[in-house]
Structure formats: C-alpha cells, structure tokens
Amino acid sequence: MRDDDTWYRWRDGVLILNVRVQPRAKTDALIGPEGGHLRVRIAAPPIEGKANERLRRFLAGEFGVPQSRVELVAGGQARLKRIRIQAPRRLPDLIEPA
C-alpha cells in the first residue's frame with residue numbers, strides 16, 4: 001500500500017474502507033480518495049438508514065459481491081464511515097490488490 005492510500009487496507013482477504021458519504025446526490029458514484037477517505041456520492045437521503053442501505057447496495061455492485069458481504073462497521077449516523085467488504089471480486093482502479 002502506498003502512503004497516500006490510507007483510506008483502505010487489507011486484512012486476510014477482507015477490504016476495509018474509510019468512506020466519506022455525500023447523501024442526496026444526483027447519482028451514486030465513487031469520486032476518489034480525499035483526506036484519508038474515499039468520497040462516495042449516494043442518491044438516497046440520510047433518513048431512517050436509507051443512505052446506509054443504498055451505500056451497501058452500491059458498494060456491493062462496485063466490488064462484485066453480494067450485499068451480505070458489505071458490512072457497515074462504524075459511522076452509522078455519520079458521513080464518515082468504516083466499511084468491511086469480504087473477498088471482493090472486482091476492484092476499482094483506485095485500489096491495489098492484496
């Protein structure tokens with residue numbers, strides 16, 4: 001891992017991401033690393049867990065895993081979150097393989 005990649009780490013085939021979520025965006029999108037976090041835009045509002053659920057669904061699609069393999073570890077009520085993805089099948093260009 002490079003020094004500027006502090007927003008993710010690998011642990012025994014599990015990818016752990018530090019994410020900054022922007023809810024109520026026009027579309028869901030991975031924006032890129034920024035200040036120790038991966039910026040992600042999510043179209044859902046931050047009401048009643050809708051943004052968290054959409055974030056999990058979106059990341060599952062981006063990393064090619066079932067939604068059950070994407071876990072919100074920390075930050076359920078905050079924009080800064082920690083996400084655990086078990087055995088991702090696909091990786092965005094931003095992330096180096098384990």
# chains A, B, ... in the order shown; residues from 1 in each chain; ligands from 1
>>> residues_around(residues="stretch 15-18 of chain A", least_positions_apart="3", cutoff="9 Å", atoms="only C-alpha atoms", output="list in words")
Thr6, Trp7, Tyr8, Arg9, Trp10, Arg11, Asp12, Gly36, His37, Leu38, Arg39, Leu80, Lys81, Arg82, Ile83, Arg84, Ile85, Gln86, Ala87, Pro88 and Ala98 of chain A
>>> write_last_selection(atoms="C-alpha atoms", output="short mmCIF file (atom, residue, chain, number, x, y, z; two decimals), in the first residue's frame")
data_model
loop_
_atom_site.label_atom_id
_atom_site.label_comp_id
_atom_site.auth_asym_id
_atom_site.auth_seq_id
_atom_site.Cartn_x
_atom_site.Cartn_y
_atom_site.Cartn_z
CA THR A 6 -4.52 5.38 4.00
CA TRP A 7 -8.25 5.24 3.20
CA TYR A 8 -8.15 1.47 2.67
CA ARG A 9 -6.35 -1.59 3.97
CA TRP A 10 -6.41 -5.33 3.51
CA ARG A 11 -6.75 -7.84 6.36
CA ASP A 12 -6.81 -11.56 5.45
CA GLY A 36 -7.86 9.77 4.25
CA HIS A 37 -11.31 8.74 2.99
CA LEU A 38 -12.90 7.51 -0.22
CA ARG A 39 -15.55 10.03 -1.28
CA LEU A 80 -17.51 9.29 7.85
CA LYS A 81 -17.90 5.52 7.87
CA ARG A 82 -15.82 2.37 8.02
CA ILE A 83 -16.91 -0.40 5.65
CA ARG A 84 -15.77 -4.04 5.55
CA ILE A 85 -16.03 -5.93 2.24
CA GLN A 86 -15.37 -9.66 2.38
CA ALA A 87 -13.44 -11.16 -0.55
CA PRO A 88 -14.18 -8.52 -3.21
CA ALA A 98 -3.97 -7.60 -1.55
#
>>> residues_around(residues="A:Pro92", least_positions_apart="3", cutoff="12 Å", atoms="only C-alpha atoms", output="ChimeraX atom specification")
/A:29-33,38,59,61-64,88-89,95-97
>>> write_last_selection(atoms="N, CA and C atoms", output="short mmCIF file (atom, residue, chain, number, x, y, z; two decimals), in the first residue's frame")
data_model
loop_
_atom_site.label_atom_id
_atom_site.label_comp_id
_atom_site.auth_asym_id
_atom_site.auth_seq_id
_atom_site.Cartn_x
_atom_site.Cartn_y
_atom_site.Cartn_z
N ALA A 29 -21.96 7.35 -7.01
CA ALA A 29 -20.66 7.36 -7.69
C ALA A 29 -19.51 7.30 -6.70
N LEU A 30 -18.44 6.61 -7.11
CA LEU A 30 -17.17 6.67 -6.40
C LEU A 30 -16.44 7.90 -6.93
N ILE A 31 -16.12 8.84 -6.08
CA ILE A 31 -15.45 10.08 -6.52
C ILE A 31 -13.94 9.93 -6.47
N GLY A 32 -13.42 9.37 -5.39
CA GLY A 32 -11.99 9.18 -5.27
C GLY A 32 -11.51 9.50 -3.88
N PRO A 33 -10.23 9.22 -3.61
CA PRO A 33 -9.67 9.47 -2.29
C PRO A 33 -9.57 10.96 -2.00
N LEU A 38 -12.40 7.64 1.15
CA LEU A 38 -12.90 7.51 -0.22
C LEU A 38 -14.22 8.26 -0.28
N LEU A 59 -21.92 -0.30 -3.08
CA LEU A 59 -20.58 -0.87 -2.95
C LEU A 59 -20.56 -2.35 -3.30
N GLY A 61 -22.30 -3.78 -5.61
CA GLY A 61 -22.24 -3.81 -7.06
C GLY A 61 -20.88 -3.42 -7.60
N GLU A 62 -20.27 -2.40 -7.01
CA GLU A 62 -18.96 -1.94 -7.47
C GLU A 62 -17.86 -2.97 -7.24
N PHE A 63 -17.98 -3.73 -6.15
CA PHE A 63 -16.94 -4.70 -5.79
C PHE A 63 -17.31 -6.13 -6.16
N GLY A 64 -18.46 -6.32 -6.80
CA GLY A 64 -18.86 -7.63 -7.31
C GLY A 64 -19.14 -8.67 -6.25
N PRO A 88 -13.68 -9.19 -2.01
CA PRO A 88 -14.18 -8.52 -3.21
C PRO A 88 -13.71 -9.21 -4.49
N ARG A 89 -14.62 -9.33 -5.46
CA ARG A 89 -14.29 -9.97 -6.74
C ARG A 89 -13.76 -8.98 -7.76
N ILE A 95 -7.75 1.02 -6.06
CA ILE A 95 -7.34 0.09 -5.02
C ILE A 95 -6.42 -0.98 -5.59
N GLU A 96 -5.29 -1.18 -4.90
CA GLU A 96 -4.36 -2.23 -5.31
C GLU A 96 -4.78 -3.55 -4.68
N PRO A 97 -4.63 -4.66 -5.41
CA PRO A 97 -4.98 -5.97 -4.85
C PRO A 97 -4.15 -6.30 -3.62
#
>>> atom_distance(atom1="atom CA of A:Gln67", atom2="atom CA of A:Lys50")
14.4 Å
>>> select_by_dssp(residues="chain A", states="strand (DSSP E)", output="PDB file with N, CA and C atoms, in the first residue's frame")
ATOM      1  N   TYR A   8      -7.786   2.880   2.724  1.00  0.00           N
ATOM      2  CA  TYR A   8      -8.151   1.470   2.674  1.00  0.00           C
ATOM      3  C   TYR A   8      -7.013   0.598   3.169  1.00  0.00           C
ATOM      4  N   ARG A   9      -7.368  -0.608   3.592  1.00  0.00           N
ATOM      5  CA  ARG A   9      -6.345  -1.588   3.974  1.00  0.00           C
ATOM      6  C   ARG A   9      -6.927  -2.984   3.800  1.00  0.00           C
ATOM      7  N   TRP A  10      -6.041  -3.927   3.647  1.00  0.00           N
ATOM      8  CA  TRP A  10      -6.413  -5.334   3.506  1.00  0.00           C
ATOM      9  C   TRP A  10      -6.109  -6.058   4.805  1.00  0.00           C
ATOM     10  N   ARG A  11      -6.991  -6.982   5.200  1.00  0.00           N
ATOM     11  CA  ARG A  11      -6.750  -7.837   6.356  1.00  0.00           C
ATOM     12  C   ARG A  11      -7.307  -9.220   6.046  1.00  0.00           C
ATOM     13  N   VAL A  14      -9.963  -9.433   3.416  1.00  0.00           N
ATOM     14  CA  VAL A  14     -11.077  -8.516   3.679  1.00  0.00           C
ATOM     15  C   VAL A  14     -10.576  -7.098   3.428  1.00  0.00           C
ATOM     16  N   LEU A  15     -11.353  -6.333   2.662  1.00  0.00           N
ATOM     17  CA  LEU A  15     -11.020  -4.943   2.368  1.00  0.00           C
ATOM     18  C   LEU A  15     -11.752  -4.038   3.348  1.00  0.00           C
ATOM     19  N   ILE A  16     -11.013  -3.168   4.014  1.00  0.00           N
ATOM     20  CA  ILE A  16     -11.605  -2.215   4.948  1.00  0.00           C
ATOM     21  C   ILE A  16     -11.427  -0.823   4.364  1.00  0.00           C
ATOM     22  N   LEU A  17     -12.547  -0.120   4.195  1.00  0.00           N
ATOM     23  CA  LEU A  17     -12.546   1.209   3.589  1.00  0.00           C
ATOM     24  C   LEU A  17     -12.965   2.262   4.601  1.00  0.00           C
ATOM     25  N   ASN A  18     -12.284   3.417   4.574  1.00  0.00           N
ATOM     26  CA  ASN A  18     -12.758   4.611   5.263  1.00  0.00           C
ATOM     27  C   ASN A  18     -13.462   5.438   4.193  1.00  0.00           C
ATOM     28  N   VAL A  19     -14.737   5.726   4.413  1.00  0.00           N
ATOM     29  CA  VAL A  19     -15.578   6.347   3.392  1.00  0.00           C
ATOM     30  C   VAL A  19     -16.179   7.641   3.920  1.00  0.00           C
ATOM     31  N   ARG A  20     -16.226   8.649   3.067  1.00  0.00           N
ATOM     32  CA  ARG A  20     -16.975   9.883   3.355  1.00  0.00           C
ATOM     33  C   ARG A  20     -18.143   9.910   2.384  1.00  0.00           C
ATOM     34  N   VAL A  21     -19.352   9.892   2.921  1.00  0.00           N
ATOM     35  CA  VAL A  21     -20.563   9.789   2.107  1.00  0.00           C
ATOM     36  C   VAL A  21     -21.204  11.157   1.920  1.00  0.00           C
ATOM     37  N   GLN A  22     -21.587  11.437   0.683  1.00  0.00           N
ATOM     38  CA  GLN A  22     -22.376  12.622   0.372  1.00  0.00           C
ATOM     39  C   GLN A  22     -23.770  12.130  -0.005  1.00  0.00           C
ATOM     40  N   ALA A  29     -21.962   7.346  -7.008  1.00  0.00           N
ATOM     41  CA  ALA A  29     -20.665   7.365  -7.692  1.00  0.00           C
ATOM     42  C   ALA A  29     -19.514   7.299  -6.702  1.00  0.00           C
ATOM     43  N   LEU A  30     -18.445   6.610  -7.114  1.00  0.00           N
ATOM     44  CA  LEU A  30     -17.169   6.674  -6.398  1.00  0.00           C
ATOM     45  C   LEU A  30     -16.441   7.900  -6.933  1.00  0.00           C
ATOM     46  N   ILE A  31     -16.116   8.842  -6.077  1.00  0.00           N
ATOM     47  CA  ILE A  31     -15.453  10.075  -6.516  1.00  0.00           C
ATOM     48  C   ILE A  31     -13.942   9.927  -6.471  1.00  0.00           C
ATOM     49  N   GLY A  32     -13.417   9.373  -5.393  1.00  0.00           N
ATOM     50  CA  GLY A  32     -11.986   9.182  -5.274  1.00  0.00           C
ATOM     51  C   GLY A  32     -11.506   9.495  -3.876  1.00  0.00           C
ATOM     52  N   PRO A  33     -10.225   9.219  -3.610  1.00  0.00           N
ATOM     53  CA  PRO A  33      -9.671   9.472  -2.286  1.00  0.00           C
ATOM     54  C   PRO A  33      -9.565  10.964  -1.995  1.00  0.00           C
ATOM     55  N   GLU A  34      -9.820  11.294  -0.732  1.00  0.00           N
ATOM     56  CA  GLU A  34      -9.732  12.697  -0.299  1.00  0.00           C
ATOM     57  C   GLU A  34      -9.543  12.727   1.214  1.00  0.00           C
ATOM     58  N   HIS A  37     -10.034   9.426   3.209  1.00  0.00           N
ATOM     59  CA  HIS A  37     -11.306   8.736   2.990  1.00  0.00           C
ATOM     60  C   HIS A  37     -11.569   8.601   1.495  1.00  0.00           C
ATOM     61  N   LEU A  38     -12.399   7.638   1.151  1.00  0.00           N
ATOM     62  CA  LEU A  38     -12.895   7.510  -0.217  1.00  0.00           C
ATOM     63  C   LEU A  38     -14.216   8.257  -0.281  1.00  0.00           C
ATOM     64  N   ARG A  39     -14.300   9.288  -1.126  1.00  0.00           N
ATOM     65  CA  ARG A  39     -15.553  10.033  -1.284  1.00  0.00           C
ATOM     66  C   ARG A  39     -16.515   9.228  -2.146  1.00  0.00           C
ATOM     67  N   VAL A  40     -17.740   9.084  -1.643  1.00  0.00           N
ATOM     68  CA  VAL A  40     -18.786   8.356  -2.349  1.00  0.00           C
ATOM     69  C   VAL A  40     -20.048   9.203  -2.335  1.00  0.00           C
ATOM     70  N   ARG A  41     -20.655   9.359  -3.493  1.00  0.00           N
ATOM     71  CA  ARG A  41     -21.944  10.047  -3.597  1.00  0.00           C
ATOM     72  C   ARG A  41     -23.055   9.007  -3.641  1.00  0.00           C
ATOM     73  N   VAL A  70     -20.994  -6.867   2.495  1.00  0.00           N
ATOM     74  CA  VAL A  70     -20.635  -5.466   2.748  1.00  0.00           C
ATOM     75  C   VAL A  70     -21.220  -5.082   4.104  1.00  0.00           C
ATOM     76  N   GLU A  71     -20.331  -4.777   5.044  1.00  0.00           N
ATOM     77  CA  GLU A  71     -20.757  -4.512   6.417  1.00  0.00           C
ATOM     78  C   GLU A  71     -20.350  -3.100   6.837  1.00  0.00           C
ATOM     79  N   LEU A  72     -21.288  -2.380   7.413  1.00  0.00           N
ATOM     80  CA  LEU A  72     -21.008  -1.072   7.992  1.00  0.00           C
ATOM     81  C   LEU A  72     -20.469  -1.315   9.397  1.00  0.00           C
ATOM     82  N   VAL A  73     -19.184  -1.029   9.591  1.00  0.00           N
ATOM     83  CA  VAL A  73     -18.514  -1.321  10.857  1.00  0.00           C
ATOM     84  C   VAL A  73     -18.637  -0.154  11.832  1.00  0.00           C
ATOM     85  N   ALA A  74     -18.539   1.073  11.326  1.00  0.00           N
ATOM     86  CA  ALA A  74     -18.588   2.264  12.182  1.00  0.00           C
ATOM     87  C   ALA A  74     -19.163   3.430  11.389  1.00  0.00           C
ATOM     88  N   LEU A  80     -18.748  10.069   7.880  1.00  0.00           N
ATOM     89  CA  LEU A  80     -17.510   9.291   7.846  1.00  0.00           C
ATOM     90  C   LEU A  80     -17.821   7.900   8.374  1.00  0.00           C
ATOM     91  N   LYS A  81     -17.539   6.898   7.545  1.00  0.00           N
ATOM     92  CA  LYS A  81     -17.900   5.525   7.874  1.00  0.00           C
ATOM     93  C   LYS A  81     -16.731   4.587   7.636  1.00  0.00           C
ATOM     94  N   ARG A  82     -16.772   3.440   8.296  1.00  0.00           N
ATOM     95  CA  ARG A  82     -15.816   2.369   8.024  1.00  0.00           C
ATOM     96  C   ARG A  82     -16.632   1.190   7.502  1.00  0.00           C
ATOM     97  N   ILE A  83     -16.208   0.673   6.347  1.00  0.00           N
ATOM     98  CA  ILE A  83     -16.909  -0.403   5.653  1.00  0.00           C
ATOM     99  C   ILE A  83     -15.981  -1.601   5.519  1.00  0.00           C
ATOM    100  N   ARG A  84     -16.518  -2.798   5.733  1.00  0.00           N
ATOM    101  CA  ARG A  84     -15.767  -4.040   5.547  1.00  0.00           C
ATOM    102  C   ARG A  84     -16.400  -4.801   4.385  1.00  0.00           C
ATOM    103  N   ILE A  85     -15.558  -5.170   3.398  1.00  0.00           N
ATOM    104  CA  ILE A  85     -16.031  -5.929   2.236  1.00  0.00           C
ATOM    105  C   ILE A  85     -15.264  -7.248   2.209  1.00  0.00           C
ATOM    106  N   GLN A  86     -15.997  -8.340   2.346  1.00  0.00           N
ATOM    107  CA  GLN A  86     -15.374  -9.662   2.383  1.00  0.00           C
ATOM    108  C   GLN A  86     -15.113 -10.172   0.972  1.00  0.00           C
TER     109      GLN A  86
END
>>> residues_around(residues="A:Ile47", least_positions_apart="4", cutoff="10 Å", atoms="only C-alpha atoms", output="list in words")
Pro23, Ala51, Asn52 and Gln77 of chain A
>>> atom_distance(atom1="atom CA of A:Ala25", atom2="atom CA of A:Ala44")
7.3 Å
>>> select_by_dssp(residues="chain A", states="alpha helix (DSSP H)", output="JSON, numbers by chain")
{"A": [50, 51, 52, 53, 54, 55, 56, 57, 58, 59, 60, 61, 62, 63]}
>>> atom_distance(atom1="atom CA of A:Pro46", atom2="atom CA of A:Arg90")
27.1 Å
>>> closest_residue(among="A:Ala43, A:Gly76, A:Asp93, A:Arg24", to="A:Phe58", atoms="only C-alpha atoms")
A:Ala43
>>> decode(residues="stretch 1-43 of chain A", atoms="N, CA and C atoms", output="PDB file, in the first residue's frame")
ATOM      1  N   MET A   1       0.839  -1.178   0.000  1.00  0.00           N
ATOM      2  CA  MET A   1       0.000   0.000   0.000  1.00  0.00           C
ATOM      3  C   MET A   1       0.885   1.242   0.000  1.00  0.00           C
ATOM      4  N   ARG A   2       0.541   2.209  -0.828  1.00  0.00           N
ATOM      5  CA  ARG A   2       1.293   3.463  -0.884  1.00  0.00           C
ATOM      6  C   ARG A   2       0.899   4.344   0.299  1.00  0.00           C
ATOM      7  N   ASP A   3       1.753   5.332   0.619  1.00  0.00           N
ATOM      8  CA  ASP A   3       1.489   6.226   1.743  1.00  0.00           C
ATOM      9  C   ASP A   3       0.201   7.012   1.579  1.00  0.00           C
ATOM     10  N   ASP A   4      -0.198   7.349   0.337  1.00  0.00           N
ATOM     11  CA  ASP A   4      -1.402   8.146   0.117  1.00  0.00           C
ATOM     12  C   ASP A   4      -2.670   7.291   0.091  1.00  0.00           C
ATOM     13  N   ASP A   5      -2.545   5.979   0.318  1.00  0.00           N
ATOM     14  CA  ASP A   5      -3.693   5.081   0.291  1.00  0.00           C
ATOM     15  C   ASP A   5      -4.170   4.717   1.693  1.00  0.00           C
ATOM     16  N   THR A   6      -4.131   5.664   2.619  1.00  0.00           N
ATOM     17  CA  THR A   6      -4.521   5.384   3.997  1.00  0.00           C
ATOM     18  C   THR A   6      -6.021   5.186   4.163  1.00  0.00           C
ATOM     19  N   TRP A   7      -6.787   5.380   3.109  1.00  0.00           N
ATOM     20  CA  TRP A   7      -8.248   5.240   3.197  1.00  0.00           C
ATOM     21  C   TRP A   7      -8.702   3.802   3.030  1.00  0.00           C
ATOM     22  N   TYR A   8      -7.786   2.880   2.724  1.00  0.00           N
ATOM     23  CA  TYR A   8      -8.151   1.470   2.674  1.00  0.00           C
ATOM     24  C   TYR A   8      -7.013   0.598   3.169  1.00  0.00           C
ATOM     25  N   ARG A   9      -7.368  -0.608   3.592  1.00  0.00           N
ATOM     26  CA  ARG A   9      -6.345  -1.588   3.974  1.00  0.00           C
ATOM     27  C   ARG A   9      -6.927  -2.984   3.800  1.00  0.00           C
ATOM     28  N   TRP A  10      -6.041  -3.927   3.647  1.00  0.00           N
ATOM     29  CA  TRP A  10      -6.413  -5.334   3.506  1.00  0.00           C
ATOM     30  C   TRP A  10      -6.109  -6.058   4.805  1.00  0.00           C
ATOM     31  N   ARG A  11      -6.991  -6.982   5.200  1.00  0.00           N
ATOM     32  CA  ARG A  11      -6.750  -7.837   6.356  1.00  0.00           C
ATOM     33  C   ARG A  11      -7.307  -9.220   6.046  1.00  0.00           C
ATOM     34  N   ASP A  12      -6.427 -10.167   5.726  1.00  0.00           N
ATOM     35  CA  ASP A  12      -6.815 -11.557   5.452  1.00  0.00           C
ATOM     36  C   ASP A  12      -7.907 -11.671   4.390  1.00  0.00           C
ATOM     37  N   GLY A  13      -7.733 -10.986   3.266  1.00  0.00           N
ATOM     38  CA  GLY A  13      -8.693 -11.065   2.170  1.00  0.00           C
ATOM     39  C   GLY A  13      -9.921 -10.194   2.340  1.00  0.00           C
ATOM     40  N   VAL A  14      -9.963  -9.433   3.416  1.00  0.00           N
ATOM     41  CA  VAL A  14     -11.077  -8.516   3.679  1.00  0.00           C
ATOM     42  C   VAL A  14     -10.576  -7.098   3.428  1.00  0.00           C
ATOM     43  N   LEU A  15     -11.353  -6.333   2.662  1.00  0.00           N
ATOM     44  CA  LEU A  15     -11.020  -4.943   2.368  1.00  0.00           C
ATOM     45  C   LEU A  15     -11.752  -4.038   3.348  1.00  0.00           C
ATOM     46  N   ILE A  16     -11.013  -3.168   4.014  1.00  0.00           N
ATOM     47  CA  ILE A  16     -11.605  -2.215   4.948  1.00  0.00           C
ATOM     48  C   ILE A  16     -11.427  -0.823   4.364  1.00  0.00           C
ATOM     49  N   LEU A  17     -12.547  -0.120   4.195  1.00  0.00           N
ATOM     50  CA  LEU A  17     -12.546   1.209   3.589  1.00  0.00           C
ATOM     51  C   LEU A  17     -12.965   2.262   4.601  1.00  0.00           C
ATOM     52  N   ASN A  18     -12.284   3.417   4.574  1.00  0.00           N
ATOM     53  CA  ASN A  18     -12.758   4.611   5.263  1.00  0.00           C
ATOM     54  C   ASN A  18     -13.462   5.438   4.193  1.00  0.00           C
ATOM     55  N   VAL A  19     -14.737   5.726   4.413  1.00  0.00           N
ATOM     56  CA  VAL A  19     -15.578   6.347   3.392  1.00  0.00           C
ATOM     57  C   VAL A  19     -16.179   7.641   3.920  1.00  0.00           C
ATOM     58  N   ARG A  20     -16.226   8.649   3.067  1.00  0.00           N
ATOM     59  CA  ARG A  20     -16.975   9.883   3.355  1.00  0.00           C
ATOM     60  C   ARG A  20     -18.143   9.910   2.384  1.00  0.00           C
ATOM     61  N   VAL A  21     -19.352   9.892   2.921  1.00  0.00           N
ATOM     62  CA  VAL A  21     -20.563   9.789   2.107  1.00  0.00           C
ATOM     63  C   VAL A  21     -21.204  11.157   1.920  1.00  0.00           C
ATOM     64  N   GLN A  22     -21.587  11.437   0.683  1.00  0.00           N
ATOM     65  CA  GLN A  22     -22.376  12.622   0.372  1.00  0.00           C
ATOM     66  C   GLN A  22     -23.770  12.130  -0.005  1.00  0.00           C
ATOM     67  N   PRO A  23     -24.737  12.225   0.915  1.00  0.00           N
ATOM     68  CA  PRO A  23     -26.093  11.790   0.598  1.00  0.00           C
ATOM     69  C   PRO A  23     -26.809  12.810  -0.276  1.00  0.00           C
ATOM     70  N   ARG A  24     -27.962  12.412  -0.801  1.00  0.00           N
ATOM     71  CA  ARG A  24     -28.807  13.258  -1.655  1.00  0.00           C
ATOM     72  C   ARG A  24     -28.092  13.752  -2.910  1.00  0.00           C
ATOM     73  N   ALA A  25     -27.186  12.950  -3.441  1.00  0.00           N
ATOM     74  CA  ALA A  25     -26.507  13.304  -4.688  1.00  0.00           C
ATOM     75  C   ALA A  25     -27.429  12.959  -5.859  1.00  0.00           C
ATOM     76  N   LYS A  26     -27.095  13.441  -7.044  1.00  0.00           N
ATOM     77  CA  LYS A  26     -27.909  13.127  -8.227  1.00  0.00           C
ATOM     78  C   LYS A  26     -27.801  11.654  -8.599  1.00  0.00           C
ATOM     79  N   THR A  27     -26.586  11.098  -8.481  1.00  0.00           N
ATOM     80  CA  THR A  27     -26.361   9.687  -8.806  1.00  0.00           C
ATOM     81  C   THR A  27     -25.389   9.089  -7.805  1.00  0.00           C
ATOM     82  N   ASP A  28     -25.375   7.770  -7.736  1.00  0.00           N
ATOM     83  CA  ASP A  28     -24.389   7.067  -6.918  1.00  0.00           C
ATOM     84  C   ASP A  28     -23.074   7.048  -7.687  1.00  0.00           C
ATOM     85  N   ALA A  29     -21.962   7.346  -7.008  1.00  0.00           N
ATOM     86  CA  ALA A  29     -20.665   7.365  -7.692  1.00  0.00           C
ATOM     87  C   ALA A  29     -19.514   7.299  -6.702  1.00  0.00           C
ATOM     88  N   LEU A  30     -18.445   6.610  -7.114  1.00  0.00           N
ATOM     89  CA  LEU A  30     -17.169   6.674  -6.398  1.00  0.00           C
ATOM     90  C   LEU A  30     -16.441   7.900  -6.933  1.00  0.00           C
ATOM     91  N   ILE A  31     -16.116   8.842  -6.077  1.00  0.00           N
ATOM     92  CA  ILE A  31     -15.453  10.075  -6.516  1.00  0.00           C
ATOM     93  C   ILE A  31     -13.942   9.927  -6.471  1.00  0.00           C
ATOM     94  N   GLY A  32     -13.417   9.373  -5.393  1.00  0.00           N
ATOM     95  CA  GLY A  32     -11.986   9.182  -5.274  1.00  0.00           C
ATOM     96  C   GLY A  32     -11.506   9.495  -3.876  1.00  0.00           C
ATOM     97  N   PRO A  33     -10.225   9.219  -3.610  1.00  0.00           N
ATOM     98  CA  PRO A  33      -9.671   9.472  -2.286  1.00  0.00           C
ATOM     99  C   PRO A  33      -9.565  10.964  -1.995  1.00  0.00           C
ATOM    100  N   GLU A  34      -9.820  11.294  -0.732  1.00  0.00           N
ATOM    101  CA  GLU A  34      -9.732  12.697  -0.299  1.00  0.00           C
ATOM    102  C   GLU A  34      -9.543  12.727   1.214  1.00  0.00           C
ATOM    103  N   GLY A  35      -8.401  13.197   1.649  1.00  0.00           N
ATOM    104  CA  GLY A  35      -8.159  13.383   3.078  1.00  0.00           C
ATOM    105  C   GLY A  35      -8.303  12.126   3.922  1.00  0.00           C
ATOM    106  N   GLY A  36      -7.801  11.000   3.465  1.00  0.00           N
ATOM    107  CA  GLY A  36      -7.860   9.775   4.245  1.00  0.00           C
ATOM    108  C   GLY A  36      -9.156   9.000   4.129  1.00  0.00           C
ATOM    109  N   HIS A  37     -10.034   9.426   3.209  1.00  0.00           N
ATOM    110  CA  HIS A  37     -11.306   8.736   2.990  1.00  0.00           C
ATOM    111  C   HIS A  37     -11.569   8.601   1.495  1.00  0.00           C
ATOM    112  N   LEU A  38     -12.399   7.638   1.151  1.00  0.00           N
ATOM    113  CA  LEU A  38     -12.895   7.510  -0.217  1.00  0.00           C
ATOM    114  C   LEU A  38     -14.216   8.257  -0.281  1.00  0.00           C
ATOM    115  N   ARG A  39     -14.300   9.288  -1.126  1.00  0.00           N
ATOM    116  CA  ARG A  39     -15.553  10.033  -1.284  1.00  0.00           C
ATOM    117  C   ARG A  39     -16.515   9.228  -2.146  1.00  0.00           C
ATOM    118  N   VAL A  40     -17.740   9.084  -1.643  1.00  0.00           N
ATOM    119  CA  VAL A  40     -18.786   8.356  -2.349  1.00  0.00           C
ATOM    120  C   VAL A  40     -20.048   9.203  -2.335  1.00  0.00           C
ATOM    121  N   ARG A  41     -20.655   9.359  -3.493  1.00  0.00           N
ATOM    122  CA  ARG A  41     -21.944  10.047  -3.597  1.00  0.00           C
ATOM    123  C   ARG A  41     -23.055   9.007  -3.641  1.00  0.00           C
ATOM    124  N   ILE A  42     -24.093   9.258  -2.855  1.00  0.00           N
ATOM    125  CA  ILE A  42     -25.236   8.353  -2.775  1.00  0.00           C
ATOM    126  C   ILE A  42     -26.505   9.180  -2.980  1.00  0.00           C
ATOM    127  N   ALA A  43     -27.401   8.683  -3.814  1.00  0.00           N
ATOM    128  CA  ALA A  43     -28.614   9.427  -4.159  1.00  0.00           C
ATOM    129  C   ALA A  43     -29.660   9.427  -3.042  1.00  0.00           C
TER     130      ALA A  43
END
